[in-house]
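Just coords.cif here, mmCIF, C-alpha atoms:
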```cif
data_structure
loop_
_atom_site.group_PDB
_atom_site.id
_atom_site.type_symbol
_atom_site.label_atom_id
_atom_site.label_comp_id
_atom_site.auth_asym_id
_atom_site.auth_seq_id
_atom_site.Cartn_x
_atom_site.Cartn_y
_atom_site.Cartn_z
ATOM 1 C CA ALA A 1 -18.275 133.490 217.811
ATOM 2 C CA ASP A 2 -21.437 133.569 215.676
ATOM 3 C CA LEU A 3 -22.429 130.126 216.947
ATOM 4 C CA CYS A 4 -22.224 131.302 220.564
ATOM 5 C CA LYS A 5 -24.544 134.265 219.900
ATOM 6 C CA MET A 6 -27.424 132.134 218.657
ATOM 7 C CA GLU A 7 -30.312 132.291 221.088
ATOM 8 C CA VAL A 8 -33.954 131.323 221.166
ATOM 9 C CA THR A 9 -36.027 134.502 221.387
ATOM 10 C CA ASP A 10 -38.316 134.966 224.364
ATOM 11 C CA SER A 11 -41.474 136.612 223.106
ATOM 12 C CA PRO A 12 -45.211 135.777 223.172
ATOM 13 C CA ASN A 13 -45.207 134.980 219.445
ATOM 14 C CA SER A 14 -42.002 132.941 219.400
ATOM 15 C CA ASN A 15 -41.797 129.206 218.751
ATOM 16 C CA PRO A 16 -38.725 128.108 220.780
ATOM 17 C CA GLU A 17 -38.712 124.552 219.432
ATOM 18 C CA LYS A 18 -38.884 125.718 215.828
ATOM 19 C CA GLU A 19 -36.199 128.380 216.373
ATOM 20 C CA LEU A 20 -33.909 125.903 218.112
ATOM 21 C CA GLY A 21 -34.287 123.484 215.215
ATOM 22 C CA ALA A 22 -33.493 126.226 212.723
ATOM 23 C CA ASN A 23 -30.412 127.257 214.703
ATOM 24 C CA LYS A 24 -29.160 123.670 214.709
ATOM 25 C CA LYS A 25 -29.429 123.515 210.921
ATOM 26 C CA ILE A 26 -27.510 126.780 210.655
ATOM 27 C CA ILE A 27 -24.780 125.419 212.930
ATOM 28 C CA GLY A 28 -24.648 122.192 210.916
ATOM 29 C CA ASN A 29 -24.195 124.116 207.680
ATOM 30 C CA TYR A 30 -21.493 126.290 209.252
ATOM 31 C CA LEU A 31 -19.592 123.173 210.249
ATOM 32 C CA LEU A 32 -19.866 121.760 206.736
ATOM 33 C CA GLN A 33 -18.503 124.994 205.292
ATOM 34 C CA GLN A 34 -15.556 124.921 207.703
ATOM 35 C CA TRP A 35 -14.730 121.247 207.128
ATOM 36 C CA MET A 36 -15.406 120.978 203.391
ATOM 37 C CA PRO A 37 -11.952 122.293 202.310
ATOM 38 C CA TYR A 38 -10.398 119.284 204.071
ATOM 39 C CA TRP A 39 -12.617 116.727 202.324
ATOM 40 C CA ASN A 40 -12.843 115.306 198.855
ATOM 41 C CA SER A 41 -16.369 116.499 198.112
ATOM 42 C CA SER A 42 -16.777 113.939 195.314
ATOM 43 C CA SER A 43 -16.396 111.065 197.774
ATOM 44 C CA PRO A 44 -19.606 109.240 198.767
ATOM 45 C CA TYR A 45 -18.422 109.254 202.398
ATOM 46 C CA LEU A 46 -17.145 112.258 204.338
ATOM 47 C CA VAL A 47 -15.152 111.191 207.407
ATOM 48 C CA GLN A 48 -14.484 113.354 210.462
ATOM 49 C CA LYS A 49 -12.756 112.255 213.675
ATOM 50 C CA THR A 50 -14.035 113.861 216.840
ATOM 51 C CA PRO A 51 -14.009 113.273 220.628
ATOM 52 C CA THR A 52 -16.653 110.897 221.970
ATOM 53 C CA LEU A 53 -18.635 113.521 223.843
ATOM 54 C CA ASP A 54 -19.364 115.394 220.604
ATOM 55 C CA VAL A 55 -21.622 112.571 219.390
ATOM 56 C CA ASN A 56 -24.877 114.106 220.642
ATOM 57 C CA PHE A 57 -23.940 117.565 219.357
ATOM 58 C CA LEU A 58 -23.051 116.319 215.872
ATOM 59 C CA GLU A 59 -26.213 114.231 215.757
ATOM 60 C CA SER A 60 -28.389 117.210 216.690
ATOM 61 C CA VAL A 61 -26.891 119.556 214.075
ATOM 62 C CA LYS A 62 -26.553 117.083 211.201
ATOM 63 C CA VAL A 63 -27.825 118.219 207.832
ATOM 64 C CA MET A 64 -27.289 114.884 206.075
ATOM 65 C CA PRO A 65 -27.419 111.210 207.099
ATOM 66 C CA THR A 66 -24.666 110.689 209.672
ATOM 67 C CA PHE A 67 -23.159 107.427 210.870
ATOM 68 C CA HIS A 68 -21.325 107.456 214.214
ATOM 69 C CA LEU A 69 -18.549 104.902 214.663
ATOM 70 C CA ILE A 70 -17.767 104.939 218.380
ATOM 71 C CA VAL A 71 -14.541 103.274 219.536
ATOM 72 C CA VAL A 72 -14.079 102.369 223.204
ATOM 73 C CA ARG A 73 -10.810 101.270 224.817
ATOM 74 C CA HIS A 74 -9.847 99.923 228.221
ATOM 75 C CA PRO A 75 -9.113 103.077 230.274
ATOM 76 C CA MET A 76 -5.825 102.011 231.824
ATOM 77 C CA THR A 77 -3.930 100.622 228.831
ATOM 78 C CA SER A 78 -3.749 103.900 226.931
ATOM 79 C CA ASN A 79 -4.722 106.395 229.662
ATOM 80 C CA SER A 80 -5.012 109.266 227.215
ATOM 81 C CA PHE A 81 -6.408 111.281 230.121
ATOM 82 C CA GLY A 82 -2.929 111.287 231.700
ATOM 83 C CA VAL A 83 -4.330 111.128 235.227
ATOM 84 C CA THR A 84 -4.649 108.504 237.951
ATOM 85 C CA ARG A 85 -8.426 109.058 237.857
ATOM 86 C CA ALA A 86 -8.615 107.636 234.329
ATOM 87 C CA ALA A 87 -10.989 104.862 235.417
ATOM 88 C CA TRP A 88 -13.471 107.375 236.837
ATOM 89 C CA VAL A 89 -13.209 109.642 233.780
ATOM 90 C CA TRP A 90 -13.823 106.598 231.568
ATOM 91 C CA LEU A 91 -16.874 105.575 233.601
ATOM 92 C CA ASP A 92 -18.329 109.094 233.550
ATOM 93 C CA ALA A 93 -17.765 109.613 229.817
ATOM 94 C CA TRP A 94 -19.019 106.218 228.721
ATOM 95 C CA THR A 95 -22.051 106.192 231.016
ATOM 96 C CA HIS A 96 -23.067 109.487 229.412
ATOM 97 C CA THR A 97 -22.385 108.253 225.870
ATOM 98 C CA LEU A 98 -24.077 104.862 226.255
ATOM 99 C CA GLU A 99 -27.112 106.520 227.866
ATOM 100 C CA MET A 100 -27.548 108.595 224.707
ATOM 101 C CA LEU A 101 -27.487 105.444 222.604
ATOM 102 C CA ALA A 102 -29.920 103.631 224.896
ATOM 103 C CA ASP A 103 -32.314 106.610 224.880
ATOM 104 C CA GLY A 104 -32.455 106.586 221.086
ATOM 105 C CA LYS A 105 -30.827 109.999 220.708
ATOM 106 C CA ILE A 106 -28.357 108.674 218.133
ATOM 107 C CA GLU A 107 -30.049 107.300 215.039
ATOM 108 C CA TRP A 108 -27.300 105.409 213.213
ATOM 109 C CA PHE A 109 -24.285 104.079 215.090
ATOM 110 C CA ALA A 110 -21.950 101.217 215.899
ATOM 111 C CA VAL A 111 -19.764 100.700 218.968
ATOM 112 C CA VAL A 112 -16.572 98.655 218.682
ATOM 113 C CA THR A 113 -13.634 98.146 220.988
ATOM 114 C CA TYR A 114 -10.180 99.277 219.949
ATOM 115 C CA GLU A 115 -8.915 95.893 221.071
ATOM 116 C CA SER A 116 -11.232 93.988 218.708
ATOM 117 C CA LEU A 117 -10.017 96.120 215.801
ATOM 118 C CA VAL A 118 -6.453 95.124 216.656
ATOM 119 C CA GLN A 119 -7.130 91.417 217.074
ATOM 120 C CA TYR A 120 -9.976 90.740 214.633
ATOM 121 C CA GLN A 121 -9.766 93.626 212.183
ATOM 122 C CA ASP A 122 -11.186 91.983 209.076
ATOM 123 C CA ARG A 123 -14.166 90.474 210.855
ATOM 124 C CA VAL A 124 -15.065 93.723 212.634
ATOM 125 C CA VAL A 125 -14.603 95.882 209.529
ATOM 126 C CA GLU A 126 -16.744 93.512 207.476
ATOM 127 C CA GLU A 127 -19.588 93.913 209.957
ATOM 128 C CA LEU A 128 -19.119 97.688 210.054
ATOM 129 C CA MET A 129 -19.506 97.829 206.279
ATOM 130 C CA GLU A 130 -22.800 95.976 206.588
ATOM 131 C CA VAL A 131 -24.004 98.459 209.211
ATOM 132 C CA ILE A 132 -23.070 101.350 206.917
ATOM 133 C CA GLU A 133 -24.689 99.881 203.811
ATOM 134 C CA ASN A 134 -27.873 99.038 205.698
ATOM 135 C CA GLY A 135 -28.058 102.564 207.080
ATOM 136 C CA ARG A 136 -27.595 104.126 203.641
ATOM 137 C CA ALA A 137 -30.954 102.736 202.631
ATOM 138 C CA LYS A 138 -32.664 102.888 206.011
ATOM 139 C CA TYR A 139 -31.747 106.414 207.112
ATOM 140 C CA GLY A 140 -30.449 108.191 204.051
ATOM 141 C CA HIS A 141 -32.843 106.779 201.458
ATOM 142 C CA LEU A 142 -29.805 106.696 199.231
ATOM 143 C CA ARG A 143 -29.501 104.634 196.094
ATOM 144 C CA GLN A 144 -26.435 102.403 196.124
ATOM 145 C CA THR A 145 -23.898 104.198 193.951
ATOM 146 C CA ARG A 146 -20.638 102.669 195.059
ATOM 147 C CA GLN A 147 -19.830 99.387 196.733
ATOM 148 C CA LEU A 148 -17.633 99.292 199.790
ATOM 149 C CA HIS A 149 -14.790 96.797 199.530
ATOM 150 C CA LEU A 150 -12.878 95.162 202.330
ATOM 151 C CA HIS A 151 -9.134 95.591 202.045
ATOM 152 C CA SER A 152 -7.614 92.725 203.982
ATOM 153 C CA GLY A 153 -5.436 93.779 206.867
ATOM 154 C CA VAL A 154 -3.013 92.001 209.128
ATOM 155 C CA THR A 155 -5.669 89.945 210.897
ATOM 156 C CA GLN A 156 -6.987 87.621 208.225
ATOM 157 C CA ASN A 157 -7.790 84.957 210.782
ATOM 158 C CA ASP A 158 -8.231 84.543 214.505
ATOM 159 C CA ASP A 159 -4.479 84.324 215.120
ATOM 160 C CA PRO A 160 -2.944 87.800 214.673
ATOM 161 C CA ASP A 161 0.814 87.958 214.801
ATOM 162 C CA SER A 162 2.967 89.504 217.514
ATOM 163 C CA SER A 163 3.507 92.774 215.658
ATOM 164 C CA THR A 164 -0.245 93.332 215.703
ATOM 165 C CA LEU A 165 -0.658 92.382 219.349
ATOM 166 C CA SER A 166 2.057 94.852 220.335
ATOM 167 C CA TYR A 167 -0.605 97.565 219.992
ATOM 168 C CA LEU A 168 -2.263 96.064 223.073
ATOM 169 C CA VAL A 169 0.787 96.591 225.286
ATOM 170 C CA PRO A 170 0.470 99.659 227.571
ATOM 171 C CA LYS A 171 3.092 102.382 227.287
ATOM 172 C CA GLU A 172 5.434 103.019 230.185
ATOM 173 C CA ARG A 173 3.559 106.158 231.246
ATOM 174 C CA SER A 174 0.238 104.300 231.281
ATOM 175 C CA ILE A 175 1.709 101.551 233.463
ATOM 176 C CA GLU A 176 3.083 104.184 235.848
ATOM 177 C CA LEU A 177 -0.341 105.816 236.225
ATOM 178 C CA TRP A 178 -2.000 102.407 236.509
ATOM 179 C CA LEU A 179 0.241 101.525 239.454
ATOM 180 C CA LYS A 180 -0.489 104.872 241.101
ATOM 181 C CA CYS A 181 -4.191 104.122 240.774
ATOM 182 C CA LEU A 182 -3.714 100.785 242.528
ATOM 183 C CA ASP A 183 -1.875 102.564 245.351
ATOM 184 C CA ASN A 184 -4.903 104.815 245.881
ATOM 185 C CA GLU A 185 -7.701 103.080 247.792
ATOM 186 C CA ARG A 186 -10.566 104.873 246.021
ATOM 187 C CA CYS A 187 -9.093 104.425 242.569
ATOM 188 C CA ARG A 188 -8.293 100.769 243.143
ATOM 189 C CA SER A 189 -11.789 100.079 244.487
ATOM 190 C CA LEU A 190 -13.392 101.569 241.366
ATOM 191 C CA LEU A 191 -11.040 99.723 239.032
ATOM 192 C CA ASP A 192 -11.791 96.440 240.803
ATOM 193 C CA ASP A 193 -15.541 97.074 240.467
ATOM 194 C CA LEU A 194 -15.217 97.933 236.770
ATOM 195 C CA THR A 195 -13.104 94.831 236.186
ATOM 196 C CA SER A 196 -15.608 92.509 237.827
ATOM 197 C CA SER A 197 -18.964 93.976 236.796
ATOM 198 C CA VAL A 198 -18.607 96.248 233.714
ATOM 199 C CA PHE A 199 -15.590 95.294 231.607
ATOM 200 C CA PRO A 200 -16.908 91.754 230.977
ATOM 201 C CA TYR A 201 -19.672 93.268 228.806
ATOM 202 C CA PHE A 202 -16.943 94.593 226.510
ATOM 203 C CA GLY A 203 -15.201 91.229 226.392
ATOM 204 C CA TYR A 204 -11.986 92.469 227.979
ATOM 205 C CA THR A 205 -9.444 89.876 229.020
ATOM 206 C CA SER A 206 -5.819 90.005 230.082
ATOM 207 C CA VAL A 207 -3.246 88.892 227.512
ATOM 208 C CA ASP A 208 0.069 87.320 228.439
ATOM 209 C CA ASP A 209 2.760 89.758 227.322
ATOM 210 C CA VAL A 210 5.520 87.123 227.250
ATOM 211 C CA LEU A 211 3.925 85.414 224.275
ATOM 212 C CA ILE A 212 3.544 88.747 222.533
ATOM 213 C CA GLU A 213 7.193 89.727 222.750
ATOM 214 C CA LYS A 214 8.827 86.326 222.111
ATOM 215 C CA ASP A 215 7.076 85.168 218.987
ATOM 216 C CA ASP A 216 10.146 83.474 217.486
ATOM 217 C CA GLU A 217 10.933 81.348 220.525
ATOM 218 C CA GLU A 218 9.414 78.395 222.232
ATOM 219 C CA VAL A 219 7.908 80.012 225.317
ATOM 220 C CA GLU A 220 7.184 78.265 228.552
ATOM 221 C CA VAL A 221 4.585 80.062 230.630
ATOM 222 C CA ASP A 222 3.959 79.604 234.324
ATOM 223 C CA LEU A 223 0.326 80.402 234.974
ATOM 224 C CA GLY A 224 0.791 80.437 238.706
ATOM 225 C CA GLU A 225 -2.553 80.825 240.451
ATOM 226 C CA GLU A 226 -4.156 82.880 237.689
ATOM 227 C CA GLY A 227 -5.279 79.937 235.568
ATOM 228 C CA GLY A 228 -5.487 79.895 231.819
ATOM 229 C CA GLY A 229 -8.312 80.458 229.391
ATOM 230 C CA ASP A 230 -9.672 78.009 226.857
ATOM 231 C CA ASP A 231 -7.915 79.775 223.982
ATOM 232 C CA PHE A 232 -4.432 78.559 224.916
ATOM 233 C CA GLU A 233 -3.131 75.352 223.458
ATOM 234 C CA GLU A 234 0.235 74.003 224.530
ATOM 235 C CA SER A 235 2.404 72.355 221.919
ATOM 236 C CA SER A 236 3.536 68.817 222.575
ATOM 237 C CA ASP A 237 6.567 66.902 221.362
ATOM 238 C CA GLU A 238 4.462 65.381 218.600
ATOM 239 C CA ASP A 239 3.742 68.836 217.222
ATOM 240 C CA HIS A 240 7.426 69.616 216.668
ATOM 241 C CA GLY A 241 7.464 67.784 213.366
ATOM 242 C CA ASP A 242 4.895 70.121 211.923
ATOM 243 C CA ASP A 243 6.480 73.548 211.424
ATOM 244 C CA LYS A 244 3.233 75.218 210.472
ATOM 245 C CA ARG A 245 1.456 74.060 213.594
ATOM 246 C CA ASN A 246 4.423 75.010 215.755
ATOM 247 C CA ALA A 247 4.457 78.516 214.302
ATOM 248 C CA LYS A 248 0.770 78.861 215.017
ATOM 249 C CA ASN A 249 1.122 77.593 218.569
ATOM 250 C CA ARG A 250 3.937 80.030 219.257
ATOM 251 C CA ARG A 251 1.699 82.888 218.162
ATOM 252 C CA ARG A 252 -1.245 81.805 220.245
ATOM 253 C CA LYS A 253 -2.348 84.331 222.827
ATOM 254 C CA LEU A 254 -2.639 83.205 226.388
ATOM 255 C CA PHE A 255 -5.839 84.729 227.697
ATOM 256 C CA LEU A 256 -6.214 85.053 231.434
ATOM 257 C CA ASP A 257 -9.172 86.206 233.465
ATOM 258 C CA LEU A 258 -9.187 89.990 233.366
ATOM 259 C CA SER A 259 -7.003 91.458 236.073
ATOM 260 C CA SER A 260 -6.884 94.904 237.671
ATOM 261 C CA SER A 261 -3.087 94.759 237.548
ATOM 262 C CA PRO A 262 -1.088 96.428 234.740
ATOM 263 C CA GLY A 263 -0.616 94.459 231.540
ATOM 264 C CA PRO A 264 -1.855 94.040 227.956
ATOM 265 C CA VAL A 265 -5.637 93.865 227.568
ATOM 266 C CA GLY A 266 -7.437 92.316 224.621
ATOM 267 C CA VAL A 267 -10.878 90.875 223.990
ATOM 268 C CA ALA A 268 -12.026 87.267 224.028
ATOM 269 C CA LYS A 269 -12.630 85.713 220.612
ATOM 270 C CA GLU A 270 -16.422 85.889 220.875
ATOM 271 C CA PHE A 271 -16.171 89.678 221.254
ATOM 272 C CA GLY A 272 -14.282 90.176 217.997
ATOM 273 C CA HIS A 273 -17.373 91.730 216.448
ATOM 274 C CA VAL A 274 -19.352 94.965 216.406
ATOM 275 C CA LEU A 275 -20.296 95.339 220.060
ATOM 276 C CA PHE A 276 -23.467 97.469 219.913
ATOM 277 C CA SER A 277 -25.273 99.047 216.966
ATOM 278 C CA SER A 278 -28.501 100.531 215.684
ATOM 279 C CA GLU A 279 -28.671 97.764 213.058
ATOM 280 C CA GLY A 280 -28.969 94.716 215.291
ATOM 281 C CA ALA A 281 -31.607 92.863 213.261
ATOM 282 C CA MET A 282 -29.584 93.221 210.078
ATOM 283 C CA LEU A 283 -26.377 92.047 211.760
ATOM 284 C CA GLU A 284 -28.157 88.982 213.098
ATOM 285 C CA LYS A 285 -29.233 88.030 209.565
ATOM 286 C CA PHE A 286 -25.778 88.792 208.190
ATOM 287 C CA ARG A 287 -24.106 86.545 210.756
ATOM 288 C CA ALA A 288 -26.620 83.767 210.074
ATOM 289 C CA ASN A 289 -25.850 83.966 206.352
ATOM 290 C CA LYS A 290 -22.133 83.909 207.075
ATOM 291 C CA SER A 291 -22.604 80.676 209.005
ATOM 292 C CA GLY A 292 -24.099 79.052 205.913
ATOM 293 C CA GLY A 293 -27.612 78.867 207.277
ATOM 294 C CA ASN A 294 -26.513 76.926 210.337
ATOM 295 C CA ASP A 295 -27.519 77.886 213.846
ATOM 296 C CA ILE A 296 -25.968 81.063 215.171
ATOM 297 C CA ASP A 297 -22.703 80.396 216.953
ATOM 298 C CA GLU A 298 -22.867 79.690 220.670
ATOM 299 C CA GLU A 299 -21.072 82.991 221.304
ATOM 300 C CA PHE A 300 -24.177 84.900 220.201
ATOM 301 C CA VAL A 301 -26.429 82.797 222.398
ATOM 302 C CA ALA A 302 -24.270 83.474 225.441
ATOM 303 C CA HIS A 303 -23.902 87.178 224.555
ATOM 304 C CA ASN A 304 -27.124 87.869 222.663
ATOM 305 C CA TYR A 305 -26.637 91.640 222.778
ATOM 306 C CA LEU A 306 -23.575 91.558 220.499
ATOM 307 C CA GLY A 307 -24.230 93.844 217.559
ATOM 308 C CA ASP A 308 -27.568 95.023 218.951
ATOM 309 C CA LEU A 309 -28.620 97.668 221.459
ATOM 310 C CA LEU A 310 -26.673 97.589 224.693
ATOM 311 C CA PRO A 311 -28.180 95.588 227.568
ATOM 312 C CA THR A 312 -30.034 97.568 230.229
ATOM 313 C CA GLU A 313 -28.159 95.801 233.027
ATOM 314 C CA LEU A 314 -24.872 97.230 231.758
ATOM 315 C CA LEU A 315 -26.128 100.797 232.138
ATOM 316 C CA GLN A 316 -27.630 99.976 235.523
ATOM 317 C CA ARG A 317 -24.258 98.739 236.722
ATOM 318 C CA MET A 318 -22.438 101.771 235.339
ATOM 319 C CA ARG A 319 -24.908 104.179 236.955
ATOM 320 C CA GLY A 320 -24.586 102.290 240.220
ATOM 321 C CA LEU A 321 -20.806 102.650 240.161
ATOM 322 C CA MET A 322 -21.149 106.364 239.362
ATOM 323 C CA LYS A 323 -23.103 106.802 242.608
ATOM 324 C CA LYS A 324 -20.893 104.504 244.650
ATOM 325 C CA HIS A 325 -17.640 106.108 243.549
ATOM 326 C CA ALA A 326 -18.747 109.733 243.090
ATOM 327 C CA TYR A 327 -15.870 112.206 243.372
#
```

Would it be possible to restate this file's structure as structure tokens?
Amino acid sequence: ADLCKMEVTDSPNSNPEKELGANKKIIGNYLLQQWMPYWNSSSPYLVQKTPTLDVNFLESVKVMPTFHLIVVRHPMTSNSFGVTRAAWVWLDAWTHTLEMLADGKIEWFAVVTYESLVQYQDRVVEELMEVIENGRAKYGHLRQTRQLHLHSGVTQNDDPDSSTLSYLVPKERSIELWLKCLDNERCRSLLDDLTSSVFPYFGYTSVDDVLIEKDDEEVEVDLGEEGGGDDFEESSDEDHGDDKRNAKNRRRKLFLDLSSSPGPVGVAKEFGHVLFSSEGAMLEKFRANKSGGNDIDEEFVAHNYLGDLLPTELLQRMRGLMKKHAY
């Protein structure tokens, strides 16, 4: 209640900007007092999970260096909104959030997709640690007191197993709402526009669910008219003598062009990285060092915004769809 009563005084001698700044610091300290009992205060990092739209608020009231890890997910696969308008809610929320990042309102941040964390966890986490360590010196002026270590997860390489990929499969309720969206002309039109003009910037691609669920079997897939991506490699009779190669081929994901129809959604291999961040220059150097001094991979030439500030054309497209599909 005390936070709601804070106002900027309206008098000839008042300094609204100064008072507003002071109020924000008070709010920030109140939040720390409320959250501190749930933290280990001796830890060098205090972690708090919060809804996306709180990013600007938490940035404005911060009383210590604050890093924002922002996770985005395809709107229809999880549909945490629980409504058929999930695509529009996603567009509205993420246009607002990405505009804040583009306008420089958030000082220290990284944007990753949920799907990349599932498929390429170690690679993404390694880059996130670099963003955090760089920001410690750049924004916090903090002396390095403790090194962050990467604890290897289930995705040591570019071929995660089926148990990992199961996290990409939509729940029954999400599929039900997805189908309802496709039955609604306005909802379907928006979803088609997002699929063709916005989702590609996030690297989204459809994943064949048959290969996810039948990891222990030889699976024959009929691509029909969809066509396959470059990441699929069929096993031949000559491969059957090599058990290791066969096992790998059976686990391979079959990536299709992204579809508006219900099904598992992942990201293409080149998007298994930090998507956008405030530390783009550092990430570029880090990736160059990782490549052993060789030229940056072709994936970063084709998608030169990866790890850096988001491209202006992405926001232009999102704003355009907001106007076109306004509810």

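The residues returned by the PyMOL selection byres ((chain A and resi 172) around 12) on the shown structure are A:Met76, A:Thr77, A:Ser78, A:Asn79, A:Gly82, A:Val169, A:Pro170, A:Lys171, A:Arg173, A:Ser174, A:Ile175, A:Glu176, A:Leu177, A:Trp178, A:Leu179, A:Pro262, A:Gly263, A:Pro264.
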
Residues returned when the PyMOL selection byres ((chain A and resi 311) around 12) runs on this file, as a ChimeraX atom specification: /A:98-99,101-102,198,201-202,275-277,303-310,312-318

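Between CA of His273 in chain A and CA of Leu46 in chain A lies a distance of 23.8 Å.
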
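Note that CA of Glu270 in chain A and CA of Tyr139 in chain A are 29.1 Å apart.
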
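For the pair CA of Tyr45 in chain A and CA of Ser291 in chain A, the interatomic distance is 29.6 Å.
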
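Here the question is which of A:Val118, A:Ser206, A:Phe67, A:Val47 gets nearest to Glu133 in chain A using all atoms listed in the file, and that residue is A:Phe67.
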
Determine the nearest neighbour of Lys25 in chain A from the options A:Val207, A:Val63, A:Val125, A:Leu321, counting only C-alpha atoms. A:Val63

Name all residues at most 9 Å from Met100 in chain A (count all atoms listed in the file; drop same-chain ones fewer than 6 positions away) and give them as a ChimeraX atom specification. /A:55-56,106

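In this comparison, which uses all atoms listed in the file, the residue of A:Gly104, A:Gly266, A:Pro75, A:Gly135 approaching Ser166 in chain A most closely is A:Gly266.
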
Compute the distance from (-20.9, 97.0, 206.8) to each atom, counting all atoms listed in the file, keep the residues with any atom at most 12 Å away, and return them as a VMD selection string; use the coordinates of the file. chain A and resid 67 69 109 to 110 122 to 136 147 to 150 273 to 274 277 279 to 280 282 to 283 286 to 287 307

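Taking all atoms listed in the file, the non-local environment of Thr113 in chain A within 6 Å (same-chain residues fewer than 6 positions away omitted) comprises A:Val71, A:Val72, A:Arg73.
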
Excluding same-chain residues fewer than 5 positions from Asp183 in chain A, what lies within 12 Å of it counting only C-alpha atoms, as a compact mmCIF listing (two decimals) with C-alpha atoms, in the frame of the given file?
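selection35.txt was written with the following content:
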```
# COMPACT_ATOMS: atom_id res chain seq x y z
CA THR A 84 -4.65 108.50 237.95
CA ARG A 85 -8.43 109.06 237.86
CA GLU A 176 3.08 104.18 235.85
CA LEU A 177 -0.34 105.82 236.22
CA TRP A 178 -2.00 102.41 236.51
CA ARG A 188 -8.29 100.77 243.14
CA SER A 189 -11.79 100.08 244.49
CA LEU A 191 -11.04 99.72 239.03
CA SER A 260 -6.88 94.90 237.67
CA SER A 261 -3.09 94.76 237.55
```

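Ranking A:Met322, A:Ile70, A:Val112, A:Ile27 by their shortest atom-to-atom distance to Phe57 in chain A, with all atoms listed in the file included, puts A:Ile27 first.
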
With distances taken over only C-alpha atoms, which residue among A:Ala22, A:Leu190, A:Leu31, A:Leu165 lies nearest Tyr114 in chain A? A:Leu165

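Comparing the minimum interatomic distances between Tyr120 in chain A and each of A:Pro200, A:Asn23, A:Thr164, A:Leu182, counting all atoms listed in the file, we find that A:Thr164 sits nearest.
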
I need range 51-88 of chain A written out with C-alpha atoms, as a PDB file, in the first residue's frame; please produce it.
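Once everything was written out, this is selection.pdb:
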```
ATOM      1  CA  PRO A  51       6.893 -11.897 -15.677  1.00  0.00           C
ATOM      2  CA  THR A  52       8.316 -10.325 -18.830  1.00  0.00           C
ATOM      3  CA  LEU A  53       6.401  -7.073 -18.555  1.00  0.00           C
ATOM      4  CA  ASP A  54       8.077  -6.279 -15.223  1.00  0.00           C
ATOM      5  CA  VAL A  55      11.437  -5.756 -16.952  1.00  0.00           C
ATOM      6  CA  ASN A  56      11.101  -1.980 -17.325  1.00  0.00           C
ATOM      7  CA  PHE A  57       9.792  -1.572 -13.773  1.00  0.00           C
ATOM      8  CA  LEU A  58      12.617  -3.595 -12.218  1.00  0.00           C
ATOM      9  CA  GLU A  59      15.170  -1.738 -14.316  1.00  0.00           C
ATOM     10  CA  SER A  60      13.835   1.648 -13.207  1.00  0.00           C
ATOM     11  CA  VAL A  61      13.849   0.814  -9.481  1.00  0.00           C
ATOM     12  CA  LYS A  62      17.118  -1.130  -9.333  1.00  0.00           C
ATOM     13  CA  VAL A  63      19.515  -0.203  -6.565  1.00  0.00           C
ATOM     14  CA  MET A  64      22.344  -2.468  -7.735  1.00  0.00           C
ATOM     15  CA  PRO A  65      23.611  -3.731 -11.105  1.00  0.00           C
ATOM     16  CA  THR A  66      20.832  -5.856 -12.598  1.00  0.00           C
ATOM     17  CA  PHE A  67      21.051  -8.345 -15.444  1.00  0.00           C
ATOM     18  CA  HIS A  68      17.810  -9.269 -17.230  1.00  0.00           C
ATOM     19  CA  LEU A  69      17.653 -12.721 -18.810  1.00  0.00           C
ATOM     20  CA  ILE A  70      14.587 -12.641 -21.051  1.00  0.00           C
ATOM     21  CA  VAL A  71      13.248 -15.961 -22.352  1.00  0.00           C
ATOM     22  CA  VAL A  72      10.858 -16.016 -25.314  1.00  0.00           C
ATOM     23  CA  ARG A  73       8.866 -19.038 -26.493  1.00  0.00           C
ATOM     24  CA  HIS A  74       6.687 -19.777 -29.500  1.00  0.00           C
ATOM     25  CA  PRO A  75       3.194 -18.649 -28.394  1.00  0.00           C
ATOM     26  CA  MET A  76       1.222 -21.686 -29.504  1.00  0.00           C
ATOM     27  CA  THR A  77       3.332 -24.556 -28.167  1.00  0.00           C
ATOM     28  CA  SER A  78       2.892 -23.686 -24.502  1.00  0.00           C
ATOM     29  CA  ASN A  79      -0.012 -21.203 -24.672  1.00  0.00           C
ATOM     30  CA  SER A  80       0.366 -20.205 -21.042  1.00  0.00           C
ATOM     31  CA  PHE A  81      -2.228 -17.521 -21.764  1.00  0.00           C
ATOM     32  CA  GLY A  82      -4.875 -20.258 -22.072  1.00  0.00           C
ATOM     33  CA  VAL A  83      -6.761 -18.383 -24.783  1.00  0.00           C
ATOM     34  CA  THR A  84      -7.212 -18.683 -28.540  1.00  0.00           C
ATOM     35  CA  ARG A  85      -5.819 -15.141 -28.856  1.00  0.00           C
ATOM     36  CA  ALA A  86      -2.407 -16.301 -27.623  1.00  0.00           C
ATOM     37  CA  ALA A  87      -0.703 -15.190 -30.844  1.00  0.00           C
ATOM     38  CA  TRP A  88      -2.013 -11.636 -30.456  1.00  0.00           C
TER      39      TRP A  88
END
```
